[in-house]
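Listing of run.cif, mmCIF, C-alpha atoms
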data_start
loop_
_atom_site.label_atom_id
_atom_site.label_comp_id
_atom_site.auth_asym_id
_atom_site.auth_seq_id
_atom_site.Cartn_x
_atom_site.Cartn_y
_atom_site.Cartn_z
CA MET I 1 44.70 -32.01 -32.50
CA HIS I 2 44.23 -29.55 -29.64
CA THR I 3 42.19 -30.71 -26.68
CA CYS I 4 40.12 -28.44 -24.42
CA ASN I 5 41.58 -27.84 -21.01
CA SER I 6 39.78 -26.42 -17.96
CA LYS I 7 42.78 -24.17 -17.21
CA SER I 8 43.12 -20.79 -18.84
CA LEU I 9 46.24 -19.83 -20.81
CA GLU I 10 47.22 -17.56 -17.92
CA GLU I 11 46.99 -20.47 -15.50
CA GLU I 12 49.01 -22.72 -17.81
CA GLY I 13 51.86 -20.23 -17.87
CA ARG I 14 51.90 -19.81 -14.10
CA ASN I 15 54.24 -21.79 -11.89
CA GLU I 16 52.01 -22.63 -8.92
CA ASP I 17 55.02 -23.50 -6.81
CA ASP I 18 56.45 -20.00 -7.22
CA PRO I 19 55.85 -18.14 -3.90
CA LYS I 20 55.81 -14.80 -5.75
CA ASN I 21 52.78 -15.89 -7.77
CA SER I 22 50.99 -17.06 -4.61
CA VAL I 23 51.49 -13.66 -2.93
CA GLN I 24 50.27 -11.82 -6.02
CA VAL I 25 47.10 -13.93 -6.15
CA GLN I 26 46.40 -13.24 -2.46
CA GLN I 27 46.95 -9.52 -2.92
CA GLU I 28 44.62 -9.46 -5.92
CA GLN I 29 41.92 -11.33 -4.01
CA GLN I 30 42.27 -8.96 -1.06
CA LYS I 31 41.99 -5.97 -3.37
CA GLN I 32 38.81 -7.37 -4.92
CA LYS I 33 37.30 -7.96 -1.47
CA GLU I 34 38.09 -4.37 -0.42
CA GLU I 35 36.54 -2.96 -3.60
CA LYS I 36 33.42 -5.07 -3.06
CA LYS I 37 33.12 -3.85 0.54
CA LYS I 38 33.56 -0.26 -0.63
CA LYS I 39 30.77 -0.62 -3.19
CA GLU I 40 28.47 -2.22 -0.62
CA LYS I 41 29.22 0.55 1.87
CA GLU I 42 28.53 3.23 -0.75
CA HIS I 43 25.26 1.55 -1.70
CA GLN I 44 24.27 1.36 1.97
CA ARG I 45 25.15 5.06 2.45
CA GLN I 46 22.98 6.04 -0.51
CA TYR I 47 20.16 3.86 0.78
CA ASP I 48 20.41 5.32 4.28
CA GLU I 49 20.26 8.86 2.88
CA GLU I 50 17.24 8.09 0.73
CA ASP I 51 15.58 6.06 3.50
CA GLU I 52 15.05 9.25 5.52
CA ASN I 53 11.94 9.90 3.39
CA PRO I 54 13.12 12.08 0.50
CA TYR I 55 9.52 12.85 -0.47
CA VAL I 56 8.83 15.46 2.22
CA PHE I 57 10.31 18.95 2.69
CA ASN I 58 9.76 21.50 5.44
CA VAL I 59 10.08 25.26 5.92
CA GLU I 60 13.79 24.99 6.68
CA ASP I 61 14.35 23.56 3.18
CA PHE I 62 13.28 26.88 1.63
CA THR I 63 15.96 29.50 0.83
CA PRO I 64 15.15 33.23 0.84
CA MET I 65 15.78 34.72 -2.62
CA PHE I 66 14.87 38.13 -1.28
CA LYS I 67 13.62 39.44 2.05
CA ASN I 68 12.97 42.86 3.56
CA GLU I 69 10.40 44.60 5.77
CA HIS I 70 7.90 44.70 2.89
CA GLY I 71 7.87 40.98 2.08
CA ALA I 72 9.88 38.00 0.97
CA ILE I 73 10.38 35.45 -1.83
CA TYR I 74 11.48 31.90 -1.00
CA SER I 75 12.46 28.92 -3.16
CA LEU I 76 12.58 25.23 -2.31
CA GLN I 77 15.79 23.30 -2.89
CA LYS I 78 16.11 21.41 -6.14
CA PHE I 79 14.25 18.10 -5.87
CA SER I 80 17.04 15.92 -7.24
CA GLU I 81 19.49 17.39 -4.68
CA ARG I 82 17.50 15.56 -2.02
CA SER I 83 17.46 12.21 -3.79
CA LYS I 84 17.99 10.58 -7.18
CA LEU I 85 14.49 9.17 -6.70
CA LEU I 86 13.18 12.66 -7.56
CA SER I 87 15.23 13.12 -10.74
CA GLY I 88 12.03 12.87 -12.82
CA ILE I 89 10.96 16.33 -11.60
CA GLU I 90 14.39 17.95 -11.36
CA ASN I 91 13.37 20.69 -13.85
CA PHE I 92 10.53 21.79 -11.55
CA ARG I 93 10.89 24.14 -8.59
CA VAL I 94 8.52 25.44 -5.93
CA ALA I 95 8.61 29.05 -4.78
CA ALA I 96 6.48 31.15 -2.41
CA ALA I 97 6.12 34.91 -2.02
CA LYS I 98 4.45 37.21 0.46
CA ALA I 99 3.94 40.97 0.10
CA ASN I 100 2.76 43.28 2.86
CA PRO I 101 -0.20 45.65 2.38
CA LEU I 102 0.16 48.32 -0.33
CA THR I 103 3.43 47.03 -1.80
CA PHE I 104 4.83 46.59 -5.32
CA LEU I 105 6.89 43.64 -6.58
CA THR I 106 9.21 45.06 -9.20
CA PRO I 107 9.24 43.83 -12.84
CA THR I 108 10.93 40.46 -13.33
CA HIS I 109 11.15 37.74 -15.93
CA PHE I 110 12.34 34.15 -15.58
CA ASP I 111 13.95 31.56 -17.81
CA ALA I 112 11.11 29.32 -16.67
CA GLU I 113 7.41 28.70 -17.14
CA VAL I 114 5.50 29.79 -14.03
CA VAL I 115 2.16 28.58 -12.67
CA LEU I 116 1.17 30.99 -9.91
CA VAL I 117 -1.59 30.40 -7.34
CA VAL I 118 -2.89 33.16 -5.05
CA THR I 119 -3.31 31.61 -1.60
CA ARG I 120 -4.18 34.71 0.42
CA GLY I 121 -5.22 38.33 -0.09
CA ARG I 122 -5.97 40.31 -3.23
CA GLY I 123 -4.09 42.48 -5.65
CA ALA I 124 -3.37 43.07 -9.33
CA ILE I 125 -0.89 41.51 -11.73
CA THR I 126 0.50 42.84 -14.99
CA LEU I 127 2.04 40.71 -17.77
CA ILE I 128 4.16 42.34 -20.46
CA GLY I 129 4.64 40.12 -23.49
CA GLU I 130 3.69 41.15 -27.00
CA LYS I 131 1.24 43.48 -25.26
CA ARG I 132 0.50 44.60 -21.70
CA GLU I 133 -2.31 42.85 -19.82
CA SER I 134 -3.44 43.51 -16.25
CA PHE I 135 -5.77 41.48 -14.04
CA ASN I 136 -7.18 41.78 -10.56
CA ILE I 137 -6.27 38.69 -8.53
CA GLU I 138 -7.65 37.11 -5.36
CA ARG I 139 -7.43 33.94 -3.30
CA GLY I 140 -7.91 30.85 -5.48
CA ASP I 141 -6.71 32.45 -8.72
CA VAL I 142 -4.38 30.43 -10.95
CA ILE I 143 -2.40 32.26 -13.64
CA ARG I 144 0.18 31.09 -16.17
CA VAL I 145 3.19 33.32 -16.74
CA GLN I 146 5.07 32.23 -19.83
CA ALA I 147 8.86 32.10 -19.78
CA GLY I 148 10.37 35.45 -20.69
CA THR I 149 7.21 37.41 -19.85
CA THR I 150 7.90 40.44 -17.68
CA VAL I 151 5.60 40.39 -14.66
CA TYR I 152 4.92 42.70 -11.76
CA TRP I 153 2.15 42.69 -9.18
CA ILE I 154 0.79 44.75 -6.32
CA ASN I 155 -0.93 44.11 -3.03
CA THR I 156 -3.99 46.37 -3.15
CA ASP I 157 -5.19 45.53 0.36
CA GLU I 158 -4.53 48.01 3.15
CA ASN I 159 -4.52 45.38 5.91
CA ASP I 160 -3.83 41.85 4.64
CA GLU I 161 -0.78 40.16 3.07
CA LEU I 162 -0.78 38.96 -0.53
CA ARG I 163 0.58 35.40 -0.65
CA THR I 164 1.33 33.25 -3.68
CA VAL I 165 2.78 29.79 -4.37
CA CYS I 166 4.47 29.05 -7.71
CA LEU I 167 5.49 25.97 -9.62
CA LEU I 168 8.31 26.78 -12.06
CA LYS I 169 9.58 24.66 -14.92
CA THR I 170 12.92 25.67 -16.40
CA VAL I 171 13.25 26.16 -20.15
CA ASN I 172 17.03 25.89 -19.84
CA PHE I 173 19.06 22.99 -18.52
CA PRO I 174 21.38 24.46 -15.88
CA SER I 175 24.96 23.30 -15.88
CA GLU I 176 26.84 22.14 -12.79
CA TYR I 177 28.33 25.64 -12.58
CA THR I 178 24.88 27.21 -12.48
CA CYS I 179 23.72 24.63 -9.94
CA LYS I 180 26.66 25.40 -7.68
CA TYR I 181 26.33 29.18 -7.66
CA ASN I 182 22.57 29.63 -8.04
CA SER I 183 20.58 27.68 -5.45
CA PHE I 184 17.33 28.72 -7.13
CA MET I 185 18.39 26.99 -10.37
CA MET I 186 16.22 29.37 -12.41
CA GLN I 187 17.45 32.85 -13.02
CA PRO I 188 15.30 35.86 -12.12
CA PHE I 189 16.06 38.87 -14.31
CA TYR I 190 15.11 42.11 -12.56
CA ALA I 191 14.59 45.43 -14.30
CA ALA I 192 16.20 48.72 -13.24
CA SER I 193 14.42 49.04 -9.92
CA ALA I 194 16.48 46.19 -8.49
CA GLY I 195 19.77 48.11 -8.61
CA GLU I 196 22.86 45.91 -8.93
CA ALA I 197 20.62 42.91 -9.61
CA SER I 198 19.21 44.70 -12.67
CA PHE I 199 20.01 43.31 -16.08
CA TYR I 200 20.33 46.91 -17.31
CA SER I 201 23.02 47.63 -14.73
CA ALA I 202 24.90 44.50 -15.78
CA LEU I 203 25.33 45.82 -19.32
CA SER I 204 28.13 48.25 -20.14
CA PRO I 205 27.31 52.02 -20.12
CA GLU I 206 28.68 52.36 -23.65
CA LEU I 207 26.32 49.72 -24.98
CA LEU I 208 23.30 51.27 -23.22
CA GLU I 209 24.20 54.75 -24.43
CA ALA I 210 24.14 53.48 -27.99
CA ALA I 211 21.00 51.38 -27.58
CA LEU I 212 18.97 54.02 -25.74
CA LYS I 213 20.45 57.02 -27.55
CA THR I 214 21.12 58.93 -24.36
CA ASP I 215 24.14 60.23 -22.45
CA LYS I 216 26.05 58.67 -19.58
CA GLU I 217 24.86 61.15 -16.94
CA MET I 218 21.20 60.46 -17.60
CA LEU I 219 21.81 56.71 -17.51
CA GLU I 220 23.63 56.95 -14.19
CA HIS I 221 20.73 58.95 -12.81
CA ILE I 222 17.98 56.45 -13.68
CA MET I 223 20.10 53.33 -13.14
CA SER I 224 21.17 54.36 -9.65
CA THR I 225 22.17 51.42 -7.47
CA ASP I 226 20.69 53.14 -4.40
CA HIS I 227 17.33 51.57 -5.25
CA THR I 228 17.99 47.89 -4.62
CA GLU I 229 14.69 46.53 -3.34
CA VAL I 230 12.62 43.86 -5.12
CA ILE I 231 9.54 44.57 -2.97
CA VAL I 232 8.84 48.24 -2.27
CA LYS I 233 6.21 50.28 -0.47
CA ALA I 234 3.77 52.13 -2.73
CA SER I 235 1.46 55.04 -2.01
CA LYS I 236 -2.31 54.63 -2.10
CA GLU I 237 -2.38 56.78 -5.22
CA GLN I 238 0.17 54.59 -7.00
CA ILE I 239 -1.69 51.41 -5.99
CA GLN I 240 -4.97 52.86 -7.23
CA ALA I 241 -3.46 53.87 -10.56
CA LEU I 242 -1.86 50.44 -11.09
CA SER I 243 -5.07 48.58 -10.19
CA GLN I 244 -7.27 50.59 -12.59
CA GLU I 245 -5.86 49.10 -15.78
CA GLU I 246 -8.22 47.19 -18.04
CA GLU I 247 -8.92 43.58 -17.22
CA GLY I 248 -9.90 40.87 -19.68
CA ARG I 249 -11.08 37.80 -17.75
CA GLY I 250 -12.38 36.16 -20.89
CA ASN I 251 -9.09 35.73 -22.74
CA SER I 252 -6.71 32.78 -22.60
CA THR I 253 -4.08 34.47 -20.43
CA ALA I 254 -6.52 35.62 -17.74
CA PRO I 255 -6.48 34.04 -14.26
CA PHE I 256 -8.74 31.10 -13.52
CA ASN I 257 -10.29 30.96 -10.04
CA LEU I 258 -10.31 27.47 -8.55
CA LEU I 259 -12.74 28.37 -5.78
CA ASP I 260 -15.39 29.53 -8.26
CA MET I 261 -15.59 25.99 -9.66
CA GLN I 262 -17.93 23.21 -8.63
CA PRO I 263 -15.88 21.18 -6.12
CA LEU I 264 -14.60 17.82 -7.30
CA VAL I 265 -15.52 16.54 -3.83
CA HIS I 266 -17.57 18.25 -1.12
CA ASN I 267 -18.72 16.38 2.00
CA ASN I 268 -18.51 16.57 5.79
CA TYR I 269 -14.81 15.74 5.65
CA GLY I 270 -13.63 18.52 3.39
CA GLN I 271 -13.48 19.92 -0.12
CA ILE I 272 -11.34 19.35 -3.20
CA PHE I 273 -11.19 21.87 -6.05
CA TYR I 274 -9.29 20.93 -9.18
CA VAL I 275 -8.69 22.47 -12.61
CA SER I 276 -7.28 20.32 -15.40
CA PRO I 277 -5.23 21.63 -18.36
CA THR I 278 -8.22 21.02 -20.64
CA GLU I 279 -10.41 23.26 -18.43
CA TYR I 280 -7.82 26.05 -18.16
CA ARG I 281 -6.20 26.14 -21.58
CA ALA I 282 -3.30 28.30 -20.43
CA LEU I 283 -1.93 25.16 -18.73
CA GLU I 284 -2.53 22.81 -21.66
CA ASP I 285 0.94 22.79 -23.20
CA LEU I 286 2.54 22.46 -19.74
CA ASP I 287 0.23 19.49 -18.99
CA ILE I 288 -0.18 20.65 -15.38
CA GLY I 289 -3.29 20.51 -13.21
CA VAL I 290 -3.82 22.57 -10.06
CA GLY I 291 -5.84 21.61 -6.98
CA PHE I 292 -6.91 23.18 -3.71
CA VAL I 293 -7.67 20.84 -0.78
CA ASN I 294 -9.34 21.55 2.56
CA ILE I 295 -9.38 18.50 4.86
CA THR I 296 -11.69 19.06 7.83
CA LYS I 297 -10.02 18.63 11.23
CA GLY I 298 -9.83 14.97 12.20
CA SER I 299 -10.57 13.84 8.61
CA MET I 300 -8.39 12.37 5.87
CA LEU I 301 -7.80 12.38 2.12
CA GLY I 302 -7.24 8.96 0.58
CA PRO I 303 -5.70 6.46 0.47
CA LEU I 304 -5.47 6.83 -3.31
CA TYR I 305 -2.89 6.90 -6.07
CA ASN I 306 -2.47 8.74 -9.37
CA SER I 307 -2.02 6.77 -12.57
CA GLU I 308 0.42 9.11 -14.36
CA SER I 309 0.71 12.35 -12.40
CA THR I 310 3.39 13.20 -9.86
CA ALA I 311 1.75 15.50 -7.32
CA ILE I 312 3.65 18.31 -5.61
CA ILE I 313 1.65 19.36 -2.56
CA MET I 314 2.33 22.37 -0.30
CA VAL I 315 0.59 22.82 3.05
CA LEU I 316 -0.80 26.34 3.45
CA ASP I 317 -2.37 26.07 6.88
CA GLY I 318 -3.07 23.60 9.68
CA GLU I 319 -1.20 20.47 10.65
CA GLY I 320 -1.48 16.70 10.46
CA TYR I 321 0.49 13.87 8.90
CA PHE I 322 0.73 11.79 5.75
CA GLU I 323 1.49 8.18 4.93
CA MET I 324 2.74 6.95 1.57
CA VAL I 325 3.72 3.56 0.19
CA GLY I 326 7.05 3.47 -1.62
CA PRO I 327 9.71 0.97 -2.67
CA ARG I 328 12.06 -0.54 -0.12
CA THR I 329 15.30 0.27 -1.93
CA LYS I 330 17.60 -2.06 0.00
CA SER I 331 15.40 -5.14 -0.30
CA SER I 332 14.85 -4.63 -4.01
CA VAL I 333 18.54 -5.33 -4.65
CA GLN I 334 18.63 -8.51 -2.59
CA THR I 335 15.24 -10.22 -2.65
CA GLY I 336 13.03 -8.43 -5.18
CA PRO I 337 10.74 -5.42 -4.87
CA THR I 338 8.91 -4.86 -1.59
CA ASN I 339 6.98 -1.92 -0.18
CA LYS I 340 7.40 0.17 2.95
CA LYS I 341 5.49 2.92 4.70
CA LEU I 342 6.85 6.46 4.41
CA SER I 343 5.34 8.97 6.83
CA SER I 344 5.90 12.42 8.27
CA SER I 345 4.13 15.13 10.20
CA LEU I 346 2.76 18.09 8.20
CA ARG I 347 2.64 21.78 9.09
CA HIS I 348 2.55 25.15 7.37
CA GLY I 349 5.17 25.16 4.59
CA SER I 350 5.55 21.37 4.31
CA VAL I 351 5.91 20.09 0.73
CA ILE I 352 5.17 16.49 -0.29
CA VAL I 353 6.16 14.83 -3.55
CA SER I 354 3.76 11.99 -4.38
CA PRO I 355 5.03 10.03 -7.43
CA ALA I 356 2.62 8.36 -9.84
CA GLY I 357 1.49 4.97 -8.60
CA TYR I 358 2.49 5.57 -4.97
CA PRO I 359 -0.56 5.21 -2.64
CA ILE I 360 -0.89 8.22 -0.31
CA ALA I 361 -3.16 9.47 2.48
CA MET I 362 -3.18 12.81 4.31
CA VAL I 363 -4.75 13.22 7.77
CA ALA I 364 -5.71 16.53 9.41
CA SER I 365 -5.12 16.99 13.13
CA ARG I 366 -8.05 17.12 15.55
CA LYS I 367 -7.38 20.82 16.20
CA ASN I 368 -7.32 22.41 12.73
CA ASP I 369 -8.31 21.91 9.11
CA LEU I 370 -5.42 20.95 6.82
CA ILE I 371 -5.33 23.22 3.76
CA ALA I 372 -3.00 22.61 0.81
CA VAL I 373 -2.37 23.55 -2.82
CA CYS I 374 -1.41 20.81 -5.27
CA PHE I 375 0.33 20.85 -8.67
CA GLY I 376 0.07 17.71 -10.81
CA THR I 377 2.42 16.90 -13.71
CA ASN I 378 1.31 14.75 -16.70
CA ALA I 379 -2.22 15.77 -15.83
CA LYS I 380 -4.13 15.15 -19.09
CA GLY I 381 -4.25 11.37 -18.93
CA ASN I 382 -4.14 11.03 -15.17
CA ILE I 383 -6.73 9.00 -13.26
CA LYS I 384 -7.19 9.09 -9.47
CA TYR I 385 -7.65 5.55 -8.15
CA PRO I 386 -9.29 5.35 -4.69
CA LEU I 387 -8.18 2.49 -2.45
CA ALA I 388 -11.20 2.94 -0.16
CA GLY I 389 -14.71 4.33 -0.42
CA LYS I 390 -16.77 4.81 -3.55
CA ASN I 391 -15.30 3.35 -6.76
CA ASN I 392 -12.33 1.77 -4.96
CA ILE I 393 -10.33 -0.72 -6.99
CA VAL I 394 -11.25 -3.80 -4.94
CA ASN I 395 -14.97 -3.25 -5.52
CA LYS I 396 -14.34 -3.46 -9.26
CA MET I 397 -12.71 -6.89 -9.05
CA LYS I 398 -14.55 -10.15 -9.75
CA SER I 399 -15.28 -12.33 -6.72
CA GLU I 400 -12.87 -15.01 -7.93
CA ALA I 401 -10.07 -12.47 -8.25
CA ILE I 402 -10.79 -11.20 -4.73
CA GLU I 403 -10.64 -14.71 -3.28
CA LEU I 404 -7.38 -15.50 -5.07
CA THR I 405 -5.88 -12.18 -3.97
CA PHE I 406 -6.82 -12.20 -0.27
CA GLY I 407 -7.16 -15.95 0.34
CA VAL I 408 -10.54 -15.61 2.10
CA PRO I 409 -14.15 -15.77 0.84
CA ALA I 410 -14.99 -12.83 -1.40
CA LYS I 411 -18.02 -11.86 0.71
CA GLU I 412 -15.81 -11.13 3.72
CA VAL I 413 -13.62 -8.76 1.68
CA GLU I 414 -16.56 -7.13 -0.11
CA GLU I 415 -18.27 -6.46 3.19
CA ILE I 416 -15.27 -4.40 4.31
CA PHE I 417 -14.65 -2.50 1.07
CA GLU I 418 -18.32 -1.69 0.45
CA LYS I 419 -18.94 -0.10 3.86
CA GLU I 420 -17.71 3.41 3.02
CA THR I 421 -19.71 5.26 0.37
CA ASP I 422 -17.89 8.63 0.40
CA TYR I 423 -15.35 9.51 -2.28
CA LEU I 424 -11.69 10.46 -1.56
CA LEU I 425 -12.43 12.32 1.73
CA PHE I 426 -13.27 10.23 4.80
CA PRO I 427 -13.39 10.36 8.61
CA GLY I 428 -9.84 10.10 9.90
CA PRO I 429 -8.53 7.60 12.47
CA SER I 430 -9.62 9.82 15.41
CA GLN I 431 -13.15 10.22 14.03
CA GLN I 432 -13.46 6.51 13.34
CA GLU I 433 -12.44 5.75 16.95
CA LYS I 434 -15.21 8.08 18.18
CA GLN I 435 -17.74 6.52 15.80
CA GLY I 436 -16.74 3.05 16.97
CA ARG I 437 -17.22 3.97 20.63
CA ALA I 438 -20.61 5.54 19.81
CA ASP I 439 -21.74 2.43 17.94
CA ALA I 440 -20.72 0.24 20.87
#

Output the structure of this file as structure tokens.
Amino acid sequence: MHTCNSKSLEEEGRNEDDPKNSVQVQQEQQKQKEEKKKKEKEHQRQYDEEDENPYVFNVEDFTPMFKNEHGAIYSLQKFSERSKLLSGIENFRVAAAKANPLTFLTPTHFDAEVVLVVTRGRGAITLIGEKRESFNIERGDVIRVQAGTTVYWINTDENDELRTVCLLKTVNFPSEYTCKYNSFMMQPFYAASAGEASFYSALSPELLEAALKTDKEMLEHIMSTDHTEVIVKASKEQIQALSQEEEGRGNSTAPFNLLDMQPLVHNNYGQIFYVSPTEYRALEDLDIGVGFVNITKGSMLGPLYNSESTAIIMVLDGEGYFEMVGPRTKSSVQTGPTNKKLSSSLRHGSVIVSPAGYPIAMVASRKNDLIAVCFGTNAKGNIKYPLAGKNNIVNKMKSEAIELTFGVPAKEVEEIFEKETDYLLFPGPSQQEKQGRADA
């Protein structure tokens, strides 16, 4: 009968008195220690990188796709390049464009769905899909441009810039090769007016001759690479002709103006306009909502959190700061999940990513209003949960739950959380200090 032994078969076959075996064991143990230290160091490096607040981007994180004296187009770096924490929105990108007065942005299509918001100026946009549709556009307009739709637009104003912000969602899944050589991650396909960047110019002359039934000389004439601009100056006559096409505001592809809506919130501390995908059906299949926020100087938005939606917020004007509650990555490995404050200053061009469930607040400076545009993913089922003011979550708790949560009598907690009766927009820290001094 065999009896169980605490030694392994390997140990039984080893001569413990053999110095060679002793050295081998020591070397193996040393190797394991070094590998463990290496893994810990790598984990710490990743934590340190992500601990620099990966949820905020600034102007310097935008790359110019195109720029000349007539305007520019910029794109934000891919979210997941900043941190693995943002991998859930890695197929989304943010882009911004500005066009000087009386200019034309040449026809382009993308391998991406585009949600475009006009943030300044006025103009006209033309979409070429199964048919051609043209619309006048102005500040506050939201328009969906489906992937593959050729689009061009003009700035019809003689004095002011036309500015737009876009959220793009790729319909392809770029490979590592594409990621390495195309920082935009979504490919713009320009027509002939973009010269060497034109998809026509990229095709062979023989193929085009056959497809267009024309000769080489004529093709070389109209596909000249001398005309290489994406944004070009247009005459008043050309602008007038392009802006006189028929407009159908009633159909499903027409722009939707956020600022014509009844505000979601409107009080002394600012305004919030928001359109859901059920209100603007062009966004329904993308499940994206769009908001426009104006926080009065010295005031604040939140704290609040979204139930399902990750918000991508871009500051258009003003300055201030934000605070957000996120996971403390390092502690979660060692002692269980804990929270930490993430904060940063905000200025024109700042972009914040606010994941679902993460409490966030934005505060405008005492000098200027803070104005921002917001895109929300997973918008249909999303609920905004206030952590202060009207309908805040603590006010909905039973007294017993409040006492067990805070460890003090419920009346003391309720007295604090029932003071503020506004919704989502409140006096900021500076205003509250002034109010406190006045009350005293």

Could you build a table of the residues in range 247-299 of chain I lying no more than 7 Å from range 136-147 of chain I, giving for each the nearest pair of atoms and their separation in Å rounded to one decimal place, using only C-alpha atoms, ordered by chain and ascending residue number, as CSV?
residue,atom,partner,partner_atom,distance
I:Thr253,CA,I:Arg144,CA,6.9
I:Ala254,CA,I:Ile143,CA,6.7
I:Pro255,CA,I:Ile143,CA,4.5
I:Phe256,CA,I:Val142,CA,5.1
I:Asn257,CA,I:Asp141,CA,4.1
I:Leu258,CA,I:Gly140,CA,5.2
I:Leu259,CA,I:Gly140,CA,5.4
I:Ala282,CA,I:Arg144,CA,6.2
I:Leu283,CA,I:Arg144,CA,6.8

* Taking the file as shown, what set of residues would the PyMOL selection byres ((chain I and resi 92) around 10) give back, as a VMD selection string? -> chain I and resid 78 to 80 87 to 91 93 to 94 112 to 114 167 to 170 185 to 186 312 377

* Asked: Between CA of Val232 in chain I and CA of Leu105 in chain I, what is the distance, to one decimal in Å?
  -> 6.6 Å

Which residues are close to Glu161 in chain I, i.e. within 8 Å by all atoms listed in the file, leaving aside same-chain residues fewer than 4 positions away? Reply as a PDB file with C-alpha atoms, in the coordinates of the input.
ATOM      1  CA  LYS I  98       4.450  37.210   0.460  1.00  0.00           C
ATOM      2  CA  ALA I  99       3.940  40.970   0.100  1.00  0.00           C
ATOM      3  CA  ASN I 100       2.760  43.280   2.860  1.00  0.00           C
ATOM      4  CA  PRO I 101      -0.200  45.650   2.380  1.00  0.00           C
ATOM      5  CA  ARG I 120      -4.180  34.710   0.420  1.00  0.00           C
ATOM      6  CA  GLY I 121      -5.220  38.330  -0.090  1.00  0.00           C
ATOM      7  CA  ASN I 155      -0.930  44.110  -3.030  1.00  0.00           C
ATOM      8  CA  ASP I 157      -5.190  45.530   0.360  1.00  0.00           C
TER       9      ASP I 157
END

* To do: Please provide as a PyMOL selection string all residues within 7 Å of Ile231 in chain I, with the sequence filter that same-chain residues fewer than 4 positions apart are discarded (counting all atoms listed in the file).
  => chain I and resi 70-71+103-106

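With CA of Phe417 in chain I on one side and CA of Ile360 in chain I on the other, the separation reads 17.5 Å.
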
* Asked: Exactly which residues make up the result of the PyMOL selection byres ((chain I and resi 236) around 12) on this file, given as an NGL selection string?
  -> :I and (101-104 or 154-158 or 233-235 or 237-243)

* So how far away is CA of Thr149 in chain I from CA of Ile128 in chain I, in Å? ->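 Pair CA of Ile128 in chain I / CA of Thr149 in chain I returns 5.8 Å.
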
* Asked: Between I:Ser430, I:Ser299, I:Thr338, I:Asn306, which one has atoms that come closest to Lys384 in chain I, using only C-alpha atoms?
  ->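 Closest to Lys384 in chain I, using only C-alpha atoms: I:Asn306.
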
* Asked: Hey, what's within 7 Å of Val293 in chain I if we count all atoms listed in the file and toss same-chain stuff fewer than 5 positions away? As number ranges by chain, please?
  -> I: 271-273, 371-373

Just add N, CA, C and O atoms to range 123-132 of chain I and send it as a PDB file, in the frame of the given file.
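Once everything was written out, this is result.pdb:
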ATOM      1  N   GLY I 123      -4.997  41.509  -5.058  1.00  0.00           N
ATOM      2  CA  GLY I 123      -4.090  42.480  -5.650  1.00  0.00           C
ATOM      3  C   GLY I 123      -4.340  42.597  -7.132  1.00  0.00           C
ATOM      4  O   GLY I 123      -5.450  42.349  -7.620  1.00  0.00           O
ATOM      5  N   ALA I 124      -3.297  42.965  -7.871  1.00  0.00           N
ATOM      6  CA  ALA I 124      -3.370  43.070  -9.330  1.00  0.00           C
ATOM      7  C   ALA I 124      -2.038  42.630  -9.905  1.00  0.00           C
ATOM      8  O   ALA I 124      -0.985  42.856  -9.303  1.00  0.00           O
ATOM      9  N   ILE I 125      -2.095  41.997 -11.074  1.00  0.00           N
ATOM     10  CA  ILE I 125      -0.890  41.510 -11.730  1.00  0.00           C
ATOM     11  C   ILE I 125      -0.857  42.010 -13.163  1.00  0.00           C
ATOM     12  O   ILE I 125      -1.897  42.102 -13.814  1.00  0.00           O
ATOM     13  N   THR I 126       0.329  42.355 -13.622  1.00  0.00           N
ATOM     14  CA  THR I 126       0.500  42.840 -14.990  1.00  0.00           C
ATOM     15  C   THR I 126       1.523  41.967 -15.705  1.00  0.00           C
ATOM     16  O   THR I 126       2.605  41.687 -15.171  1.00  0.00           O
ATOM     17  N   LEU I 127       1.163  41.513 -16.917  1.00  0.00           N
ATOM     18  CA  LEU I 127       2.040  40.710 -17.770  1.00  0.00           C
ATOM     19  C   LEU I 127       2.408  41.535 -18.991  1.00  0.00           C
ATOM     20  O   LEU I 127       1.526  42.084 -19.658  1.00  0.00           O
ATOM     21  N   ILE I 128       3.690  41.598 -19.290  1.00  0.00           N
ATOM     22  CA  ILE I 128       4.160  42.340 -20.460  1.00  0.00           C
ATOM     23  C   ILE I 128       4.831  41.359 -21.403  1.00  0.00           C
ATOM     24  O   ILE I 128       5.964  40.924 -21.191  1.00  0.00           O
ATOM     25  N   GLY I 129       4.101  40.978 -22.444  1.00  0.00           N
ATOM     26  CA  GLY I 129       4.640  40.120 -23.490  1.00  0.00           C
ATOM     27  C   GLY I 129       4.600  40.899 -24.786  1.00  0.00           C
ATOM     28  O   GLY I 129       5.206  41.968 -24.904  1.00  0.00           O
ATOM     29  N   GLU I 130       3.864  40.386 -25.758  1.00  0.00           N
ATOM     30  CA  GLU I 130       3.690  41.150 -27.000  1.00  0.00           C
ATOM     31  C   GLU I 130       2.822  42.371 -26.760  1.00  0.00           C
ATOM     32  O   GLU I 130       2.869  43.343 -27.505  1.00  0.00           O
ATOM     33  N   LYS I 131       2.004  42.314 -25.692  1.00  0.00           N
ATOM     34  CA  LYS I 131       1.240  43.480 -25.260  1.00  0.00           C
ATOM     35  C   LYS I 131       1.161  43.459 -23.741  1.00  0.00           C
ATOM     36  O   LYS I 131       1.573  42.491 -23.099  1.00  0.00           O
ATOM     37  N   ARG I 132       0.639  44.533 -23.157  1.00  0.00           N
ATOM     38  CA  ARG I 132       0.500  44.600 -21.700  1.00  0.00           C
ATOM     39  C   ARG I 132      -0.919  44.206 -21.315  1.00  0.00           C
ATOM     40  O   ARG I 132      -1.892  44.705 -21.876  1.00  0.00           O
TER      41      ARG I 132
END
